[in-house]
Amino acid sequence: MYRKRVYGCLCALVFSSLSYAETLRVANDSWPPFTDKSLPYNGLAIDLVSTALSRAGFSNSYEQVPWARAIQGLQRDRYDIIGAAWFAPDRAVFGQFSEPYLTNTLRFIRKKGSSIDYQQLSDLRPYDISVVRGYSYAPAFDSDSTLKKHPVSNFASAARMVAQQHAQLTVEDELVAQHAFNGELSDVREQLEFLPKPLSESPLHILVRRSHPQHQQIIDGFNAAMQAMRADGTYQMIIQRHSKD
């Protein structure tokens, strides 16, 4: 108990020293159940991020834009933070990543009844794979130029390409895909299935533009606030309220 009280006091001191009048501009594309303005609290990831930033002393607002525009906006100082991003070396040039606060399990999706399977990426070379333009999935997958990847605007389009047999595979976070199958893709969900082996488990971070004069303070404050939220139960409370949606 004593250690928890000391830890809480230290966090309070850190957060009180990081209070800024500026409102941080957080951006992301629609990626339910993690990010979407139609969901309560703008989705699970944005709820966690906004809560942590607020507790760290940073007022913040959220804007939903296509992914490519969010990344471009961060590079051009239109936005301060991408709320939910996977690590990619090229992004680390213009942005600083936080410690991970969620984990995404990426799985390939095939037409139900298909015999496609894989143990290594080279097994997938014969197949057309629909991917979302501008997304980073996993370093080995992203950098493999022998794979036939076909960019589209969003996951729904990618999944429909597989259902209509214009591609043999697509790839997405398991929770994101399940959310889409229960919503906008409900008409094709019985035609699609996950491959057994995941492509990867990808940590989810915020990405703060390096050109922001307080980018290090934002990262430090966010990391400390997220740690405190895990310790005091806030983190799990947010997870639970989104599991009901």
# chains A, B, ... in the order shown; residues from 1 in each chain; ligands from 1
>>> closest_atom_pairs(of="segment 151-231 of chain A", to="segment 30-36 of chain A", cutoff="9 Å", atoms="only C-alpha atoms", output="Markdown table")
| residue | atom | partner | partner_atom | distance |
| --- | --- | --- | --- | --- |
| A:Phe155 | CA | A:Trp31 | CA | 8.9 |
| A:Leu175 | CA | A:Pro33 | CA | 7.2 |
| A:Val176 | CA | A:Pro32 | CA | 5.9 |
| A:Ala177 | CA | A:Pro32 | CA | 8.8 |
| A:His179 | CA | A:Pro33 | CA | 6.4 |
| A:Ala180 | CA | A:Pro32 | CA | 7.7 |
>>> select_by_dssp(residues="segment 92-161 of chain A", states="helix (DSSP H, G or I)", output="list of chain:residue names")
A:Ala92, A:Val93, A:Phe94, A:Leu121, A:Ser122, A:Asp123, A:Leu124, A:Pro139, A:Ala140, A:Phe141, A:Asp142, A:Ser143, A:Phe155, A:Ala156, A:Ser157, A:Ala158, A:Ala159, A:Arg160, A:Met161
>>> residues_around(residues="Met161 of chain A", least_positions_apart="2", cutoff="12 Å", atoms="only C-alpha atoms", output="PyMOL selection string")
chain A and resi 109-111+128-132+150-159+163-171+185+188+191-192
>>> write_last_selection(atoms="N, CA and C atoms", output="short mmCIF file (atom, residue, chain, number, x, y, z; two decimals), in the first residue's frame")
data_model
loop_
_atom_site.label_atom_id
_atom_site.label_comp_id
_atom_site.auth_asym_id
_atom_site.auth_seq_id
_atom_site.Cartn_x
_atom_site.Cartn_y
_atom_site.Cartn_z
N ILE A 109 -6.72 -13.75 -44.26
CA ILE A 109 -8.11 -14.16 -44.46
C ILE A 109 -8.23 -14.71 -45.88
N ARG A 110 -8.86 -15.87 -45.99
CA ARG A 110 -9.03 -16.53 -47.28
C ARG A 110 -10.51 -16.80 -47.54
N LYS A 111 -10.82 -17.17 -48.75
CA LYS A 111 -12.16 -17.63 -49.10
C LYS A 111 -12.41 -18.96 -48.39
N ASP A 128 -2.62 -13.63 -55.04
CA ASP A 128 -2.86 -12.18 -54.99
C ASP A 128 -3.37 -11.83 -53.59
N ILE A 129 -2.74 -10.81 -52.98
CA ILE A 129 -3.07 -10.41 -51.61
C ILE A 129 -3.52 -8.95 -51.63
N SER A 130 -4.75 -8.70 -51.23
CA SER A 130 -5.25 -7.32 -51.16
C SER A 130 -4.85 -6.70 -49.82
N VAL A 131 -4.27 -5.50 -49.87
CA VAL A 131 -3.80 -4.80 -48.68
C VAL A 131 -4.33 -3.37 -48.71
N VAL A 132 -4.32 -2.72 -47.56
CA VAL A 132 -4.79 -1.34 -47.48
C VAL A 132 -3.63 -0.41 -47.81
N HIS A 150 -1.82 -6.05 -53.64
CA HIS A 150 -2.65 -5.14 -54.42
C HIS A 150 -3.32 -4.13 -53.48
N PRO A 151 -2.87 -2.88 -53.49
CA PRO A 151 -3.41 -1.87 -52.55
C PRO A 151 -4.84 -1.46 -52.89
N VAL A 152 -5.65 -1.32 -51.84
CA VAL A 152 -7.00 -0.78 -51.95
C VAL A 152 -7.20 0.25 -50.84
N SER A 153 -8.35 0.90 -50.82
CA SER A 153 -8.53 2.04 -49.92
C SER A 153 -8.82 1.65 -48.48
N ASN A 154 -9.42 0.48 -48.25
CA ASN A 154 -9.79 0.10 -46.89
C ASN A 154 -9.97 -1.42 -46.79
N PHE A 155 -10.13 -1.91 -45.55
CA PHE A 155 -10.23 -3.35 -45.34
C PHE A 155 -11.50 -3.93 -45.96
N ALA A 156 -12.61 -3.21 -45.90
CA ALA A 156 -13.85 -3.73 -46.47
C ALA A 156 -13.66 -4.04 -47.95
N SER A 157 -12.99 -3.16 -48.68
CA SER A 157 -12.72 -3.40 -50.10
C SER A 157 -11.81 -4.61 -50.28
N ALA A 158 -10.80 -4.71 -49.40
CA ALA A 158 -9.86 -5.83 -49.48
C ALA A 158 -10.57 -7.16 -49.24
N ALA A 159 -11.44 -7.18 -48.24
CA ALA A 159 -12.17 -8.42 -47.92
C ALA A 159 -13.13 -8.80 -49.04
N ALA A 163 -13.72 -12.25 -51.21
CA ALA A 163 -15.03 -12.90 -51.33
C ALA A 163 -15.43 -13.07 -52.79
N GLN A 164 -15.08 -12.08 -53.62
CA GLN A 164 -15.43 -12.12 -55.05
C GLN A 164 -14.36 -12.80 -55.89
N GLN A 165 -13.31 -13.31 -55.21
CA GLN A 165 -12.23 -14.06 -55.85
C GLN A 165 -11.40 -13.21 -56.82
N HIS A 166 -11.36 -11.90 -56.58
CA HIS A 166 -10.44 -11.04 -57.33
C HIS A 166 -9.05 -11.06 -56.68
N ALA A 167 -8.99 -11.56 -55.45
CA ALA A 167 -7.73 -11.81 -54.75
C ALA A 167 -7.95 -13.07 -53.91
N GLN A 168 -6.85 -13.70 -53.54
CA GLN A 168 -6.98 -14.94 -52.77
C GLN A 168 -6.82 -14.73 -51.27
N LEU A 169 -6.21 -13.62 -50.87
CA LEU A 169 -5.96 -13.35 -49.46
C LEU A 169 -6.05 -11.87 -49.16
N THR A 170 -6.37 -11.56 -47.92
CA THR A 170 -6.13 -10.24 -47.37
C THR A 170 -5.63 -10.44 -45.95
N VAL A 171 -5.32 -9.36 -45.25
CA VAL A 171 -4.75 -9.48 -43.90
C VAL A 171 -5.27 -8.32 -43.05
N LEU A 185 -19.54 -5.94 -43.28
CA LEU A 185 -19.23 -7.13 -44.08
C LEU A 185 -20.07 -8.34 -43.70
N VAL A 188 -20.89 -11.00 -46.32
CA VAL A 188 -19.88 -11.92 -46.88
C VAL A 188 -19.13 -12.69 -45.80
N GLN A 191 -18.48 -16.32 -46.07
CA GLN A 191 -17.65 -16.74 -47.20
C GLN A 191 -16.16 -16.67 -46.89
N LEU A 192 -15.80 -16.13 -45.72
CA LEU A 192 -14.40 -15.86 -45.41
C LEU A 192 -13.99 -16.55 -44.11
#
>>> closest_residue(among="A:Asp232, A:Asp29, A:Glu22, A:Glu193", to="Ile116 of chain A", atoms="only C-alpha atoms")
A:Glu193
>>> closest_residue(among="A:Glu172, A:Tyr118, A:Leu106, A:Ile238", to="Ser50 of chain A", atoms="only C-alpha atoms")
A:Ile238
>>> residues_around(residues="segment 76-93 of chain A", least_positions_apart="5", cutoff="7 Å", atoms="only C-alpha atoms", output="JSON, numbers by chain")
{"A": [24, 25, 26, 27, 28, 45, 46, 49, 136, 202, 203, 204, 205, 206, 207, 208, 209, 212]}
>>> atom_distance(atom1="atom CA of Pro196 of chain A", atom2="atom CA of Ser143 of chain A")
22.5 Å
>>> select_by_dssp(residues="chain A", states="strand (DSSP E or B)", output="PyMOL selection string")
chain A and resi 20-28+31+35+58-64+81-85+95-97+102-111+128-132+148-152+169-173+192-209
>>> write_last_selection(atoms="C-alpha atoms", output="PDB file, in the first residue's frame")
ATOM      1  CA  TYR A  20      -0.006  22.883 -21.408  1.00  0.00           C
ATOM      2  CA  ALA A  21      -2.652  25.244 -22.747  1.00  0.00           C
ATOM      3  CA  GLU A  22      -2.225  23.908 -26.289  1.00  0.00           C
ATOM      4  CA  THR A  23      -4.711  21.283 -27.466  1.00  0.00           C
ATOM      5  CA  LEU A  24      -2.926  18.345 -29.044  1.00  0.00           C
ATOM      6  CA  ARG A  25      -4.435  17.278 -32.349  1.00  0.00           C
ATOM      7  CA  VAL A  26      -4.832  13.488 -32.489  1.00  0.00           C
ATOM      8  CA  ALA A  27      -5.647  11.904 -35.854  1.00  0.00           C
ATOM      9  CA  ASN A  28      -6.425   8.436 -37.174  1.00  0.00           C
ATOM     10  CA  TRP A  31     -10.336   1.393 -37.787  1.00  0.00           C
ATOM     11  CA  THR A  35     -10.702   4.024 -33.804  1.00  0.00           C
ATOM     12  CA  PHE A  58      -2.472  17.501 -22.185  1.00  0.00           C
ATOM     13  CA  SER A  59      -5.824  18.610 -23.561  1.00  0.00           C
ATOM     14  CA  ASN A  60      -6.502  16.841 -26.836  1.00  0.00           C
ATOM     15  CA  SER A  61      -8.961  16.614 -29.703  1.00  0.00           C
ATOM     16  CA  TYR A  62      -9.575  13.854 -32.212  1.00  0.00           C
ATOM     17  CA  GLU A  63      -9.983  14.068 -35.975  1.00  0.00           C
ATOM     18  CA  GLN A  64     -10.800  11.140 -38.253  1.00  0.00           C
ATOM     19  CA  ILE A  81      -0.227  12.633 -32.770  1.00  0.00           C
ATOM     20  CA  ILE A  82      -1.320   9.500 -34.594  1.00  0.00           C
ATOM     21  CA  GLY A  83      -3.391   7.732 -31.955  1.00  0.00           C
ATOM     22  CA  ALA A  84      -2.913   4.138 -33.082  1.00  0.00           C
ATOM     23  CA  ALA A  85       0.122   3.145 -35.149  1.00  0.00           C
ATOM     24  CA  GLY A  95       7.687  10.681 -35.414  1.00  0.00           C
ATOM     25  CA  GLN A  96       8.518   9.307 -31.986  1.00  0.00           C
ATOM     26  CA  PHE A  97       6.765   6.146 -30.804  1.00  0.00           C
ATOM     27  CA  LEU A 102      -2.247  -2.583 -26.973  1.00  0.00           C
ATOM     28  CA  THR A 103      -1.318  -5.578 -29.138  1.00  0.00           C
ATOM     29  CA  ASN A 104      -2.815  -6.451 -32.508  1.00  0.00           C
ATOM     30  CA  THR A 105      -2.874 -10.025 -33.798  1.00  0.00           C
ATOM     31  CA  LEU A 106      -2.697  -9.947 -37.599  1.00  0.00           C
ATOM     32  CA  ARG A 107      -4.185 -12.829 -39.536  1.00  0.00           C
ATOM     33  CA  PHE A 108      -4.546 -13.651 -43.212  1.00  0.00           C
ATOM     34  CA  ILE A 109      -8.106 -14.162 -44.459  1.00  0.00           C
ATOM     35  CA  ARG A 110      -9.025 -16.529 -47.282  1.00  0.00           C
ATOM     36  CA  LYS A 111     -12.160 -17.634 -49.096  1.00  0.00           C
ATOM     37  CA  ASP A 128      -2.864 -12.185 -54.988  1.00  0.00           C
ATOM     38  CA  ILE A 129      -3.073 -10.408 -51.611  1.00  0.00           C
ATOM     39  CA  SER A 130      -5.246  -7.318 -51.165  1.00  0.00           C
ATOM     40  CA  VAL A 131      -3.798  -4.799 -48.680  1.00  0.00           C
ATOM     41  CA  VAL A 132      -4.790  -1.335 -47.479  1.00  0.00           C
ATOM     42  CA  LYS A 148       1.784  -9.960 -55.132  1.00  0.00           C
ATOM     43  CA  LYS A 149       0.219  -7.201 -53.017  1.00  0.00           C
ATOM     44  CA  HIS A 150      -2.655  -5.141 -54.424  1.00  0.00           C
ATOM     45  CA  PRO A 151      -3.410  -1.873 -52.554  1.00  0.00           C
ATOM     46  CA  VAL A 152      -7.003  -0.782 -51.945  1.00  0.00           C
ATOM     47  CA  LEU A 169      -5.957 -13.351 -49.462  1.00  0.00           C
ATOM     48  CA  THR A 170      -6.129 -10.241 -47.367  1.00  0.00           C
ATOM     49  CA  VAL A 171      -4.755  -9.476 -43.902  1.00  0.00           C
ATOM     50  CA  GLU A 172      -6.098  -7.588 -40.895  1.00  0.00           C
ATOM     51  CA  ASP A 173      -6.107  -7.461 -37.112  1.00  0.00           C
ATOM     52  CA  LEU A 192     -14.403 -15.865 -45.412  1.00  0.00           C
ATOM     53  CA  GLU A 193     -12.193 -17.433 -42.765  1.00  0.00           C
ATOM     54  CA  PHE A 194      -8.888 -16.833 -40.982  1.00  0.00           C
ATOM     55  CA  LEU A 195      -5.765 -18.816 -41.716  1.00  0.00           C
ATOM     56  CA  PRO A 196      -4.664 -20.676 -38.571  1.00  0.00           C
ATOM     57  CA  LYS A 197      -1.209 -19.129 -38.260  1.00  0.00           C
ATOM     58  CA  PRO A 198      -1.043 -15.373 -37.522  1.00  0.00           C
ATOM     59  CA  LEU A 199       1.219 -13.166 -39.598  1.00  0.00           C
ATOM     60  CA  SER A 200       2.376 -11.327 -36.485  1.00  0.00           C
ATOM     61  CA  GLU A 201       1.492  -9.816 -33.161  1.00  0.00           C
ATOM     62  CA  SER A 202       2.069  -6.095 -33.531  1.00  0.00           C
ATOM     63  CA  PRO A 203       2.355  -3.676 -30.600  1.00  0.00           C
ATOM     64  CA  LEU A 204       0.210  -0.549 -30.933  1.00  0.00           C
ATOM     65  CA  HIS A 205       1.713   2.866 -30.112  1.00  0.00           C
ATOM     66  CA  ILE A 206       0.972   6.547 -30.369  1.00  0.00           C
ATOM     67  CA  LEU A 207       3.232   8.398 -32.816  1.00  0.00           C
ATOM     68  CA  VAL A 208       4.149  11.996 -31.905  1.00  0.00           C
ATOM     69  CA  ARG A 209       5.635  14.299 -34.529  1.00  0.00           C
TER      70      ARG A 209
END
>>> closest_residue(among="A:Ile219, A:Val65, A:Leu74, A:Ala56", to="Lys37 of chain A", atoms="only C-alpha atoms")
A:Val65
>>> atom_distance(atom1="atom CA of Arg189 of chain A", atom2="atom CA of Gly113 of chain A")
13.0 Å
>>> atom_distance(atom1="atom CA of Ile239 of chain A", atom2="atom CA of Ser186 of chain A")
24.3 Å
>>> closest_residue(among="A:Pro213, A:Leu147, A:Tyr101, A:Asn223", to="Leu48 of chain A", atoms="only C-alpha atoms")
A:Tyr101
>>> decode(residues="segment 220-240 of chain A", atoms="N, CA and C atoms", output="PDB file, in the first residue's frame")
ATOM      1  N   ASP A 220       6.817  10.970 -22.685  1.00  0.00           N
ATOM      2  CA  ASP A 220       7.068  10.593 -21.288  1.00  0.00           C
ATOM      3  C   ASP A 220       5.793  10.654 -20.462  1.00  0.00           C
ATOM      4  N   GLY A 221       5.010  11.716 -20.663  1.00  0.00           N
ATOM      5  CA  GLY A 221       3.760  11.857 -19.914  1.00  0.00           C
ATOM      6  C   GLY A 221       2.758  10.771 -20.260  1.00  0.00           C
ATOM      7  N   PHE A 222       2.648  10.459 -21.548  1.00  0.00           N
ATOM      8  CA  PHE A 222       1.731   9.405 -21.976  1.00  0.00           C
ATOM      9  C   PHE A 222       2.128   8.056 -21.386  1.00  0.00           C
ATOM     10  N   ASN A 223       3.409   7.731 -21.479  1.00  0.00           N
ATOM     11  CA  ASN A 223       3.880   6.437 -20.959  1.00  0.00           C
ATOM     12  C   ASN A 223       3.621   6.306 -19.454  1.00  0.00           C
ATOM     13  N   ALA A 224       3.903   7.378 -18.723  1.00  0.00           N
ATOM     14  CA  ALA A 224       3.700   7.353 -17.275  1.00  0.00           C
ATOM     15  C   ALA A 224       2.213   7.241 -16.930  1.00  0.00           C
ATOM     16  N   ALA A 225       1.375   7.968 -17.670  1.00  0.00           N
ATOM     17  CA  ALA A 225      -0.061   7.925 -17.412  1.00  0.00           C
ATOM     18  C   ALA A 225      -0.633   6.547 -17.720  1.00  0.00           C
ATOM     19  N   MET A 226      -0.177   5.940 -18.802  1.00  0.00           N
ATOM     20  CA  MET A 226      -0.677   4.611 -19.158  1.00  0.00           C
ATOM     21  C   MET A 226      -0.267   3.589 -18.090  1.00  0.00           C
ATOM     22  N   GLN A 227       0.948   3.730 -17.568  1.00  0.00           N
ATOM     23  CA  GLN A 227       1.398   2.838 -16.497  1.00  0.00           C
ATOM     24  C   GLN A 227       0.528   3.013 -15.258  1.00  0.00           C
ATOM     25  N   ALA A 228       0.205   4.259 -14.929  1.00  0.00           N
ATOM     26  CA  ALA A 228      -0.642   4.523 -13.769  1.00  0.00           C
ATOM     27  C   ALA A 228      -2.054   3.987 -13.984  1.00  0.00           C
ATOM     28  N   MET A 229      -2.556   4.084 -15.215  1.00  0.00           N
ATOM     29  CA  MET A 229      -3.892   3.567 -15.516  1.00  0.00           C
ATOM     30  C   MET A 229      -3.957   2.050 -15.361  1.00  0.00           C
ATOM     31  N   ARG A 230      -2.895   1.372 -15.713  1.00  0.00           N
ATOM     32  CA  ARG A 230      -2.847  -0.079 -15.512  1.00  0.00           C
ATOM     33  C   ARG A 230      -2.844  -0.412 -14.014  1.00  0.00           C
ATOM     34  N   ALA A 231      -2.114   0.413 -13.251  1.00  0.00           N
ATOM     35  CA  ALA A 231      -1.981   0.143 -11.814  1.00  0.00           C
ATOM     36  C   ALA A 231      -3.271   0.413 -11.050  1.00  0.00           C
ATOM     37  N   ASP A 232      -4.024   1.443 -11.441  1.00  0.00           N
ATOM     38  CA  ASP A 232      -5.202   1.810 -10.649  1.00  0.00           C
ATOM     39  C   ASP A 232      -6.518   1.240 -11.192  1.00  0.00           C
ATOM     40  N   GLY A 233      -6.440   0.437 -12.266  1.00  0.00           N
ATOM     41  CA  GLY A 233      -7.634  -0.223 -12.780  1.00  0.00           C
ATOM     42  C   GLY A 233      -8.346   0.508 -13.900  1.00  0.00           C
ATOM     43  N   THR A 234      -7.925   1.747 -14.205  1.00  0.00           N
ATOM     44  CA  THR A 234      -8.583   2.513 -15.270  1.00  0.00           C
ATOM     45  C   THR A 234      -8.445   1.828 -16.619  1.00  0.00           C
ATOM     46  N   TYR A 235      -7.275   1.289 -16.882  1.00  0.00           N
ATOM     47  CA  TYR A 235      -7.011   0.629 -18.166  1.00  0.00           C
ATOM     48  C   TYR A 235      -8.002  -0.517 -18.380  1.00  0.00           C
ATOM     49  N   GLN A 236      -8.143  -1.382 -17.400  1.00  0.00           N
ATOM     50  CA  GLN A 236      -9.038  -2.532 -17.539  1.00  0.00           C
ATOM     51  C   GLN A 236     -10.492  -2.097 -17.605  1.00  0.00           C
ATOM     52  N   MET A 237     -10.842  -1.035 -16.902  1.00  0.00           N
ATOM     53  CA  MET A 237     -12.211  -0.519 -16.965  1.00  0.00           C
ATOM     54  C   MET A 237     -12.547  -0.076 -18.389  1.00  0.00           C
ATOM     55  N   ILE A 238     -11.611   0.595 -19.059  1.00  0.00           N
ATOM     56  CA  ILE A 238     -11.840   1.040 -20.433  1.00  0.00           C
ATOM     57  C   ILE A 238     -11.944  -0.152 -21.371  1.00  0.00           C
ATOM     58  N   ILE A 239     -11.080  -1.143 -21.191  1.00  0.00           N
ATOM     59  CA  ILE A 239     -11.158  -2.364 -22.004  1.00  0.00           C
ATOM     60  C   ILE A 239     -12.540  -3.004 -21.850  1.00  0.00           C
ATOM     61  N   GLN A 240     -13.024  -3.096 -20.625  1.00  0.00           N
ATOM     62  CA  GLN A 240     -14.299  -3.764 -20.358  1.00  0.00           C
ATOM     63  C   GLN A 240     -15.470  -3.003 -20.944  1.00  0.00           C
TER      64      GLN A 240
END
